[in-house]
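Trainee: Supplied structure: work.txt, compact mmCIF, N, CA and C atoms.
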```txt
# COMPACT_ATOMS: atom_id res chain seq x y z
N MET A 12 6.70 -21.57 -27.24
CA MET A 12 5.82 -20.79 -28.07
C MET A 12 5.34 -19.58 -27.28
N CYS A 13 5.42 -18.43 -27.89
CA CYS A 13 5.03 -17.19 -27.23
C CYS A 13 3.61 -16.84 -27.65
N VAL A 14 2.73 -16.75 -26.68
CA VAL A 14 1.34 -16.41 -26.95
C VAL A 14 1.10 -14.99 -26.48
N LYS A 15 0.54 -14.18 -27.37
CA LYS A 15 0.25 -12.79 -27.01
C LYS A 15 -1.23 -12.65 -26.75
N ASN A 16 -1.53 -11.90 -25.75
CA ASN A 16 -2.95 -11.61 -25.52
C ASN A 16 -3.35 -10.40 -26.35
N LYS A 17 -4.62 -10.09 -26.33
CA LYS A 17 -5.11 -9.02 -27.21
C LYS A 17 -4.63 -7.64 -26.77
N HIS A 18 -4.10 -7.50 -25.54
CA HIS A 18 -3.66 -6.20 -25.05
C HIS A 18 -2.17 -5.97 -25.25
N SER A 19 -1.43 -6.99 -25.67
CA SER A 19 0.01 -6.80 -25.84
C SER A 19 0.28 -6.29 -27.25
N SER A 20 1.37 -5.57 -27.36
CA SER A 20 1.72 -5.05 -28.67
C SER A 20 2.96 -5.78 -29.17
N ALA A 21 3.25 -5.60 -30.44
CA ALA A 21 4.40 -6.27 -31.04
C ALA A 21 5.70 -5.69 -30.49
N ARG A 22 5.68 -4.46 -30.00
CA ARG A 22 6.89 -3.80 -29.52
C ARG A 22 7.20 -4.11 -28.06
N SER A 23 6.29 -4.66 -27.32
CA SER A 23 6.53 -4.86 -25.89
C SER A 23 7.60 -5.92 -25.69
N ARG A 24 8.43 -5.66 -24.69
CA ARG A 24 9.51 -6.58 -24.36
C ARG A 24 9.22 -7.21 -23.01
N ALA A 25 9.90 -8.25 -22.73
CA ALA A 25 9.73 -8.91 -21.43
C ALA A 25 10.18 -7.96 -20.33
N GLY A 26 9.40 -7.84 -19.30
CA GLY A 26 9.74 -6.99 -18.18
C GLY A 26 9.16 -5.60 -18.26
N ASP A 27 8.67 -5.18 -19.42
CA ASP A 27 8.05 -3.85 -19.54
C ASP A 27 6.69 -3.89 -18.86
N THR A 28 6.45 -2.90 -18.08
CA THR A 28 5.14 -2.79 -17.44
C THR A 28 4.52 -1.46 -17.81
N VAL A 29 3.25 -1.47 -18.05
CA VAL A 29 2.51 -0.26 -18.36
C VAL A 29 1.64 0.06 -17.16
N VAL A 30 1.82 1.24 -16.64
CA VAL A 30 1.04 1.66 -15.49
C VAL A 30 -0.19 2.40 -16.00
N ARG A 31 -1.33 1.90 -15.66
CA ARG A 31 -2.58 2.54 -16.05
C ARG A 31 -3.28 3.03 -14.81
N LEU A 32 -3.71 4.28 -14.89
CA LEU A 32 -4.43 4.86 -13.77
C LEU A 32 -5.86 4.36 -13.75
N PRO A 33 -6.46 4.24 -12.59
CA PRO A 33 -7.88 3.90 -12.55
C PRO A 33 -8.69 4.99 -13.25
N SER A 34 -9.75 4.60 -13.88
CA SER A 34 -10.53 5.56 -14.68
C SER A 34 -11.12 6.68 -13.83
N ALA A 35 -11.36 6.44 -12.56
CA ALA A 35 -11.90 7.50 -11.70
C ALA A 35 -10.83 8.51 -11.31
N LEU A 36 -9.57 8.13 -11.38
CA LEU A 36 -8.48 9.01 -10.98
C LEU A 36 -8.00 9.91 -12.11
N ARG A 37 -8.19 9.49 -13.35
CA ARG A 37 -7.72 10.27 -14.50
C ARG A 37 -8.29 11.68 -14.55
N PRO A 38 -9.61 11.87 -14.43
CA PRO A 38 -10.12 13.25 -14.50
C PRO A 38 -9.60 14.13 -13.37
N ILE A 39 -9.41 13.55 -12.20
CA ILE A 39 -8.92 14.33 -11.07
C ILE A 39 -7.50 14.80 -11.34
N LEU A 40 -6.64 13.90 -11.80
CA LEU A 40 -5.26 14.27 -12.07
C LEU A 40 -5.15 15.24 -13.25
N TYR A 41 -5.98 15.04 -14.27
CA TYR A 41 -5.96 15.94 -15.41
C TYR A 41 -6.43 17.33 -15.00
N ALA A 42 -7.49 17.41 -14.22
CA ALA A 42 -7.99 18.72 -13.75
C ALA A 42 -6.98 19.38 -12.84
N LEU A 43 -6.34 18.61 -11.98
CA LEU A 43 -5.31 19.15 -11.10
C LEU A 43 -4.13 19.68 -11.90
N LEU A 44 -3.73 18.95 -12.93
CA LEU A 44 -2.64 19.40 -13.79
C LEU A 44 -3.01 20.70 -14.52
N CYS A 45 -4.24 20.79 -15.01
CA CYS A 45 -4.68 22.01 -15.68
C CYS A 45 -4.68 23.19 -14.71
N GLY A 46 -5.13 22.96 -13.49
CA GLY A 46 -5.12 24.03 -12.48
C GLY A 46 -3.71 24.48 -12.15
N ILE A 47 -2.77 23.53 -12.06
CA ILE A 47 -1.39 23.87 -11.78
C ILE A 47 -0.79 24.68 -12.92
N VAL A 48 -1.11 24.29 -14.16
CA VAL A 48 -0.59 25.01 -15.33
C VAL A 48 -1.12 26.44 -15.35
N VAL A 49 -2.41 26.62 -15.09
CA VAL A 49 -2.98 27.97 -15.07
C VAL A 49 -2.36 28.79 -13.94
N PHE A 50 -2.27 28.20 -12.75
CA PHE A 50 -1.68 28.87 -11.59
C PHE A 50 -0.24 29.30 -11.88
N ALA A 51 0.57 28.39 -12.41
CA ALA A 51 1.97 28.70 -12.70
C ALA A 51 2.09 29.73 -13.82
N SER A 52 1.22 29.67 -14.81
CA SER A 52 1.25 30.64 -15.90
C SER A 52 0.93 32.04 -15.40
N ILE A 53 -0.06 32.16 -14.53
CA ILE A 53 -0.42 33.47 -13.97
C ILE A 53 0.74 33.99 -13.12
N LEU A 54 1.34 33.12 -12.32
CA LEU A 54 2.48 33.55 -11.50
C LEU A 54 3.65 34.00 -12.37
N MET A 55 3.91 33.29 -13.47
CA MET A 55 4.99 33.71 -14.38
C MET A 55 4.68 35.05 -15.03
N LEU A 56 3.42 35.26 -15.38
CA LEU A 56 3.02 36.55 -15.95
C LEU A 56 3.24 37.67 -14.94
N PHE A 57 2.87 37.44 -13.69
CA PHE A 57 3.09 38.43 -12.65
C PHE A 57 4.59 38.67 -12.42
N ALA A 58 5.39 37.61 -12.48
CA ALA A 58 6.83 37.76 -12.32
C ALA A 58 7.42 38.58 -13.45
N LEU A 59 6.91 38.38 -14.65
CA LEU A 59 7.37 39.17 -15.80
C LEU A 59 7.00 40.63 -15.62
N ILE A 60 5.79 40.88 -15.18
CA ILE A 60 5.35 42.26 -14.93
C ILE A 60 6.21 42.91 -13.85
N MET A 61 6.50 42.15 -12.78
CA MET A 61 7.30 42.70 -11.69
C MET A 61 8.76 42.94 -12.10
N SER A 62 9.25 42.16 -13.06
CA SER A 62 10.62 42.38 -13.51
C SER A 62 10.73 43.59 -14.45
N MET A 63 9.65 43.90 -15.15
CA MET A 63 9.66 45.04 -16.06
C MET A 63 9.33 46.36 -15.37
N GLN A 64 8.55 46.28 -14.34
CA GLN A 64 8.03 47.47 -13.71
C GLN A 64 8.15 47.35 -12.20
N ASP A 65 8.28 48.47 -11.54
CA ASP A 65 8.36 48.46 -10.08
C ASP A 65 6.95 48.33 -9.51
N VAL A 66 6.67 47.18 -8.90
CA VAL A 66 5.35 46.90 -8.36
C VAL A 66 5.42 47.04 -6.84
N PRO A 67 4.49 47.77 -6.24
CA PRO A 67 4.51 47.90 -4.78
C PRO A 67 4.32 46.54 -4.10
N THR A 68 4.97 46.36 -2.96
CA THR A 68 4.90 45.09 -2.26
C THR A 68 3.50 44.80 -1.74
N MET A 69 2.69 45.83 -1.57
CA MET A 69 1.32 45.58 -1.08
C MET A 69 0.46 44.88 -2.13
N LEU A 70 0.93 44.79 -3.38
CA LEU A 70 0.18 44.08 -4.43
C LEU A 70 0.56 42.61 -4.54
N PHE A 71 1.59 42.17 -3.82
CA PHE A 71 2.00 40.77 -3.90
C PHE A 71 0.90 39.83 -3.41
N GLY A 72 0.24 40.19 -2.33
CA GLY A 72 -0.85 39.37 -1.79
C GLY A 72 -2.01 39.21 -2.76
N PRO A 73 -2.56 40.34 -3.27
CA PRO A 73 -3.65 40.21 -4.25
C PRO A 73 -3.24 39.46 -5.52
N MET A 74 -1.98 39.59 -5.91
CA MET A 74 -1.52 38.85 -7.09
C MET A 74 -1.54 37.35 -6.82
N SER A 75 -1.07 36.95 -5.67
CA SER A 75 -1.06 35.51 -5.37
C SER A 75 -2.48 34.97 -5.19
N VAL A 76 -3.36 35.77 -4.59
CA VAL A 76 -4.75 35.34 -4.42
C VAL A 76 -5.43 35.19 -5.78
N SER A 77 -5.16 36.13 -6.69
CA SER A 77 -5.79 36.02 -8.01
C SER A 77 -5.24 34.83 -8.79
N ALA A 78 -3.97 34.50 -8.62
CA ALA A 78 -3.41 33.31 -9.28
C ALA A 78 -4.04 32.04 -8.72
N ILE A 79 -4.22 31.99 -7.41
CA ILE A 79 -4.87 30.83 -6.78
C ILE A 79 -6.32 30.74 -7.25
N LEU A 80 -7.00 31.87 -7.29
CA LEU A 80 -8.40 31.91 -7.71
C LEU A 80 -8.56 31.36 -9.13
N LEU A 81 -7.75 31.84 -10.06
CA LEU A 81 -7.88 31.40 -11.45
C LEU A 81 -7.45 29.95 -11.64
N GLY A 82 -6.41 29.53 -10.92
CA GLY A 82 -5.97 28.14 -11.03
C GLY A 82 -7.01 27.17 -10.50
N CYS A 83 -7.60 27.49 -9.34
CA CYS A 83 -8.63 26.61 -8.76
C CYS A 83 -9.91 26.63 -9.59
N MET A 84 -10.22 27.79 -10.16
CA MET A 84 -11.40 27.85 -11.02
C MET A 84 -11.20 27.01 -12.27
N ALA A 85 -10.01 27.04 -12.84
CA ALA A 85 -9.71 26.22 -14.02
C ALA A 85 -9.78 24.74 -13.67
N ALA A 86 -9.23 24.36 -12.52
CA ALA A 86 -9.27 22.95 -12.11
C ALA A 86 -10.71 22.50 -11.89
N GLY A 87 -11.51 23.32 -11.24
CA GLY A 87 -12.92 22.98 -11.03
C GLY A 87 -13.69 22.89 -12.34
N LEU A 88 -13.39 23.79 -13.26
CA LEU A 88 -14.06 23.79 -14.56
C LEU A 88 -13.75 22.52 -15.35
N VAL A 89 -12.48 22.13 -15.37
CA VAL A 89 -12.10 20.91 -16.09
C VAL A 89 -12.72 19.69 -15.44
N GLN A 90 -12.70 19.65 -14.11
CA GLN A 90 -13.31 18.52 -13.40
C GLN A 90 -14.81 18.46 -13.66
N GLY A 91 -15.47 19.61 -13.67
CA GLY A 91 -16.91 19.65 -13.96
C GLY A 91 -17.23 19.19 -15.37
N ARG A 92 -16.37 19.56 -16.32
CA ARG A 92 -16.57 19.12 -17.70
C ARG A 92 -16.39 17.60 -17.83
N PHE A 93 -15.43 17.06 -17.11
CA PHE A 93 -15.22 15.61 -17.16
C PHE A 93 -16.38 14.85 -16.53
N MET A 94 -16.77 15.26 -15.34
CA MET A 94 -17.72 14.48 -14.56
C MET A 94 -19.17 14.71 -14.99
N ARG A 95 -19.49 15.90 -15.47
CA ARG A 95 -20.83 16.26 -15.94
C ARG A 95 -21.90 16.12 -14.87
N ALA A 96 -21.51 16.08 -13.60
CA ALA A 96 -22.46 15.99 -12.49
C ALA A 96 -21.75 16.44 -11.22
N SER A 97 -22.51 16.87 -10.26
CA SER A 97 -21.98 17.28 -8.94
C SER A 97 -20.87 18.30 -9.07
N GLY A 98 -21.14 19.37 -9.79
CA GLY A 98 -20.12 20.39 -10.02
C GLY A 98 -19.65 21.07 -8.75
N LEU A 99 -20.57 21.30 -7.81
CA LEU A 99 -20.20 21.96 -6.57
C LEU A 99 -19.22 21.11 -5.77
N VAL A 100 -19.55 19.84 -5.61
CA VAL A 100 -18.70 18.94 -4.82
C VAL A 100 -17.36 18.71 -5.50
N ASN A 101 -17.39 18.44 -6.80
CA ASN A 101 -16.15 18.21 -7.53
C ASN A 101 -15.28 19.46 -7.56
N GLY A 102 -15.90 20.62 -7.72
CA GLY A 102 -15.15 21.87 -7.71
C GLY A 102 -14.54 22.17 -6.35
N LEU A 103 -15.29 21.91 -5.28
CA LEU A 103 -14.74 22.07 -3.93
C LEU A 103 -13.54 21.15 -3.73
N MET A 104 -13.67 19.93 -4.21
CA MET A 104 -12.58 18.97 -4.08
C MET A 104 -11.34 19.44 -4.83
N MET A 105 -11.53 19.93 -6.05
CA MET A 105 -10.38 20.37 -6.83
C MET A 105 -9.74 21.61 -6.24
N GLY A 106 -10.55 22.55 -5.76
CA GLY A 106 -10.00 23.73 -5.11
C GLY A 106 -9.22 23.37 -3.87
N GLY A 107 -9.76 22.44 -3.08
CA GLY A 107 -9.08 22.00 -1.88
C GLY A 107 -7.78 21.25 -2.19
N LEU A 108 -7.81 20.38 -3.20
CA LEU A 108 -6.60 19.64 -3.57
C LEU A 108 -5.51 20.55 -4.10
N LEU A 109 -5.89 21.48 -4.96
CA LEU A 109 -4.90 22.39 -5.53
C LEU A 109 -4.30 23.28 -4.45
N TYR A 110 -5.15 23.79 -3.56
CA TYR A 110 -4.61 24.64 -2.49
C TYR A 110 -3.76 23.81 -1.52
N ALA A 111 -4.13 22.58 -1.26
CA ALA A 111 -3.32 21.74 -0.37
C ALA A 111 -1.93 21.54 -0.96
N LEU A 112 -1.86 21.36 -2.28
CA LEU A 112 -0.57 21.21 -2.94
C LEU A 112 0.24 22.50 -2.84
N ILE A 113 -0.39 23.63 -3.11
CA ILE A 113 0.30 24.93 -3.02
C ILE A 113 0.75 25.19 -1.59
N PHE A 114 -0.12 24.88 -0.63
CA PHE A 114 0.19 25.10 0.78
C PHE A 114 1.36 24.23 1.22
N ALA A 115 1.38 22.97 0.79
CA ALA A 115 2.48 22.08 1.15
C ALA A 115 3.80 22.57 0.56
N LEU A 116 3.76 23.06 -0.67
CA LEU A 116 4.98 23.59 -1.28
C LEU A 116 5.47 24.84 -0.57
N SER A 117 4.54 25.70 -0.15
CA SER A 117 4.95 26.91 0.55
C SER A 117 5.49 26.59 1.94
N LEU A 118 4.95 25.57 2.59
CA LEU A 118 5.50 25.14 3.88
C LEU A 118 6.91 24.59 3.71
N GLY A 119 7.12 23.88 2.61
CA GLY A 119 8.44 23.34 2.33
C GLY A 119 9.48 24.41 2.09
N MET A 120 9.05 25.58 1.64
CA MET A 120 9.97 26.69 1.41
C MET A 120 10.14 27.56 2.66
N GLY A 121 9.46 27.20 3.73
CA GLY A 121 9.63 27.94 4.98
C GLY A 121 8.76 29.17 5.12
N GLU A 122 7.69 29.25 4.35
CA GLU A 122 6.79 30.39 4.46
C GLU A 122 6.01 30.31 5.77
N PRO A 123 5.80 31.45 6.43
CA PRO A 123 5.02 31.42 7.67
C PRO A 123 3.53 31.20 7.39
N VAL A 124 2.86 30.55 8.32
CA VAL A 124 1.43 30.29 8.19
C VAL A 124 0.70 31.31 9.05
N GLY A 125 -0.28 31.95 8.47
CA GLY A 125 -1.04 32.94 9.21
C GLY A 125 -2.49 32.92 8.80
N LEU A 126 -3.18 33.98 9.13
CA LEU A 126 -4.60 34.10 8.81
C LEU A 126 -4.82 34.22 7.29
N ALA A 127 -3.83 34.73 6.59
CA ALA A 127 -3.94 34.85 5.13
C ALA A 127 -4.08 33.47 4.48
N ALA A 128 -3.47 32.45 5.07
CA ALA A 128 -3.57 31.09 4.52
C ALA A 128 -5.01 30.60 4.58
N LEU A 129 -5.70 30.90 5.66
CA LEU A 129 -7.11 30.52 5.79
C LEU A 129 -7.96 31.25 4.75
N PHE A 130 -7.69 32.53 4.57
CA PHE A 130 -8.40 33.33 3.57
C PHE A 130 -8.18 32.76 2.17
N LYS A 131 -6.94 32.41 1.86
CA LYS A 131 -6.63 31.85 0.54
C LYS A 131 -7.29 30.48 0.36
N TRP A 132 -7.38 29.70 1.43
CA TRP A 132 -8.03 28.39 1.36
C TRP A 132 -9.51 28.57 1.05
N ILE A 133 -10.16 29.52 1.69
CA ILE A 133 -11.59 29.78 1.42
C ILE A 133 -11.77 30.25 -0.01
N ILE A 134 -10.91 31.13 -0.48
CA ILE A 134 -10.96 31.59 -1.88
C ILE A 134 -10.78 30.42 -2.84
N ALA A 135 -9.85 29.52 -2.53
CA ALA A 135 -9.60 28.36 -3.39
C ALA A 135 -10.83 27.46 -3.45
N LEU A 136 -11.45 27.21 -2.30
CA LEU A 136 -12.64 26.35 -2.28
C LEU A 136 -13.79 26.98 -3.06
N LEU A 137 -14.03 28.27 -2.83
CA LEU A 137 -15.14 28.93 -3.52
C LEU A 137 -14.91 29.02 -5.02
N SER A 138 -13.69 29.37 -5.43
CA SER A 138 -13.43 29.48 -6.87
C SER A 138 -13.45 28.11 -7.55
N GLY A 139 -12.99 27.08 -6.86
CA GLY A 139 -13.10 25.73 -7.41
C GLY A 139 -14.54 25.30 -7.56
N ALA A 140 -15.38 25.65 -6.56
CA ALA A 140 -16.80 25.31 -6.64
C ALA A 140 -17.48 26.04 -7.79
N ILE A 141 -17.15 27.32 -7.95
CA ILE A 141 -17.73 28.08 -9.07
C ILE A 141 -17.30 27.48 -10.40
N GLY A 142 -16.01 27.14 -10.52
CA GLY A 142 -15.52 26.50 -11.74
C GLY A 142 -16.20 25.17 -12.01
N GLY A 143 -16.44 24.38 -10.96
CA GLY A 143 -17.13 23.11 -11.12
C GLY A 143 -18.55 23.27 -11.59
N ILE A 144 -19.25 24.24 -11.03
CA ILE A 144 -20.64 24.50 -11.44
C ILE A 144 -20.69 24.96 -12.88
N VAL A 145 -19.79 25.87 -13.25
CA VAL A 145 -19.75 26.35 -14.64
C VAL A 145 -19.38 25.21 -15.58
N GLY A 146 -18.43 24.36 -15.19
CA GLY A 146 -18.01 23.24 -16.04
C GLY A 146 -19.12 22.25 -16.30
N VAL A 147 -19.94 21.98 -15.30
CA VAL A 147 -21.06 21.05 -15.49
C VAL A 147 -22.11 21.66 -16.41
N ASN A 148 -22.31 22.96 -16.29
CA ASN A 148 -23.37 23.62 -17.05
C ASN A 148 -22.96 24.08 -18.43
N LEU A 149 -21.68 23.97 -18.78
CA LEU A 149 -21.27 24.32 -20.15
C LEU A 149 -21.84 23.31 -21.12
N ARG A 150 -22.33 23.80 -22.19
CA ARG A 150 -22.89 22.89 -23.20
C ARG A 150 -21.78 22.44 -24.13
N SER A 151 -21.84 21.19 -24.49
CA SER A 151 -20.84 20.69 -25.43
C SER A 151 -21.26 21.04 -26.84
N ARG A 152 -20.26 21.22 -27.69
CA ARG A 152 -20.54 21.56 -29.09
C ARG A 152 -21.03 20.33 -29.82
N ARG A 153 -22.04 20.51 -30.60
CA ARG A 153 -22.56 19.40 -31.40
C ARG A 153 -22.21 19.64 -32.86
N ARG A 154 -21.68 18.61 -33.45
CA ARG A 154 -21.34 18.72 -34.88
C ARG A 154 -22.54 18.42 -35.72
N LYS A 155 -22.67 19.16 -36.77
CA LYS A 155 -23.83 18.96 -37.67
C LYS A 155 -23.42 18.22 -38.90
```
I'd like the structure from this file rewritten - as structure tokens, please.
Mentor:
Amino acid sequence: MCVKNKHSSARSRAGDTVVRLPSALRPILYALLCGIVVFASILMLFALIMSMQDVPTMLFGPMSVSAILLGCMAAGLVQGRFMRASGLVNGLMMGGLLYALIFALSLGMGEPVGLAALFKWIIALLSGAIGGIVGVNLRSRRRK
């Protein structure tokens, strides 16, 4: 006799496993994903602009810094909205995590590490913190 518990569904088969993330990890991963999407979207927009128009190479640095800034701010904002407390700390964490991911990917591609990396890390932390503070302080819409 097959006994189903209240969490099993009629479609589940033997051997199927469902991986559930801990509830504390979900907002972090969701905010990180949102930051990555914003960062990648800004970079794609800049790539489109550079393919259509001749952009001086001296603008590549500010373009990458602005993409990092907006991506970390978005990640901090989403994390602040989820947690509704400690926006500064959560935003710093999201900025640091997103920049660590970007930094690891750039190291994997053989990019040189210099003083600009430290500057970008500080920008990522500050923009994530600002996003976290704004996310905590945003008011939610109330339905009437």
Trainee: Quick one: of A:Leu43, A:Leu136, A:Met94, A:Leu36, who's nearest to Gly107 of chain A, counting only C-alpha atoms?
Mentor: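 Under the stated criterion, the closest residue is A:Leu136.
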Trainee: Counting only N, CA and C atoms, which of A:Met74, A:Leu116, A:Leu99, A:Leu81 gets nearest to Val147 of chain A?
Mentor: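 Nearest candidate to Val147 of chain A out of A:Met74, A:Leu116, A:Leu99, A:Leu81: A:Leu99.
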Trainee: Give as a list in words the set of residues within 6 Å of the point (-4.9, 24.9, -4.2), where distances use the file's coordinates and only C-alpha atoms.
Mentor: Gly106, Gly107, Leu108, Leu109, Tyr110, Ala111, Leu112, Ile113 and Ala135 of chain A
Trainee: Just want the 8 Å neighbourhood of Ile134 of chain A, counted on only N, CA and C atoms, with same-chain residues fewer than 3 positions away dropped. Output as a CSV table (one decimal) with N, CA and C atoms, in the coordinates of the input.
Mentor:
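Heads up, here's the output in part-v2.csv:
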```csv
chain,number,residue,atom,x,y,z
A,76,VAL,N,-3.4,35.8,-4.6
A,76,VAL,CA,-4.8,35.3,-4.4
A,76,VAL,C,-5.4,35.2,-5.8
A,79,ILE,N,-4.2,32.0,-7.4
A,79,ILE,CA,-4.9,30.8,-6.8
A,79,ILE,C,-6.3,30.7,-7.2
A,80,LEU,N,-7.0,31.9,-7.3
A,80,LEU,CA,-8.4,31.9,-7.7
A,80,LEU,C,-8.6,31.4,-9.1
A,81,LEU,N,-7.8,31.8,-10.1
A,81,LEU,CA,-7.9,31.4,-11.4
A,81,LEU,C,-7.4,30.0,-11.6
A,83,CYS,N,-7.6,27.5,-9.3
A,83,CYS,CA,-8.6,26.6,-8.8
A,83,CYS,C,-9.9,26.6,-9.6
A,84,MET,N,-10.2,27.8,-10.2
A,84,MET,CA,-11.4,27.8,-11.0
A,84,MET,C,-11.2,27.0,-12.3
A,106,GLY,N,-10.6,22.6,-5.8
A,106,GLY,CA,-10.0,23.7,-5.1
A,106,GLY,C,-9.2,23.4,-3.9
A,128,ALA,N,-3.5,32.4,5.1
A,128,ALA,CA,-3.6,31.1,4.5
A,128,ALA,C,-5.0,30.6,4.6
A,129,LEU,N,-5.7,30.9,5.7
A,129,LEU,CA,-7.1,30.5,5.8
A,129,LEU,C,-8.0,31.2,4.8
A,130,PHE,N,-7.7,32.5,4.6
A,130,PHE,CA,-8.4,33.3,3.6
A,130,PHE,C,-8.2,32.8,2.2
A,131,LYS,N,-6.9,32.4,1.9
A,131,LYS,CA,-6.6,31.8,0.5
A,131,LYS,C,-7.3,30.5,0.4
A,137,LEU,N,-14.0,28.3,-2.8
A,137,LEU,CA,-15.1,28.9,-3.5
A,137,LEU,C,-14.9,29.0,-5.0
A,138,SER,N,-13.7,29.4,-5.4
A,138,SER,CA,-13.4,29.5,-6.9
A,138,SER,C,-13.4,28.1,-7.6
A,139,GLY,N,-13.0,27.1,-6.9
A,139,GLY,CA,-13.1,25.7,-7.4
A,139,GLY,C,-14.5,25.3,-7.6
A,140,ALA,N,-15.4,25.6,-6.6
A,140,ALA,CA,-16.8,25.3,-6.6
A,140,ALA,C,-17.5,26.0,-7.8
```
Trainee: I'd like to know which of A:Val48, A:Ala127, A:Phe114, A:Gly121 is closest to Pro73 of chain A, using only C-alpha atoms.
Mentor: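 Selected residue with least distance to Pro73 of chain A: A:Ala127.
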Trainee: Report, in Å with one decimal, the straight-line distance from atom C of Phe71 of chain A to atom N of Val145 of chain A.
Mentor: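 Taking atom C of Phe71 of chain A and atom N of Val145 of chain A, their separation equals 26.8 Å.
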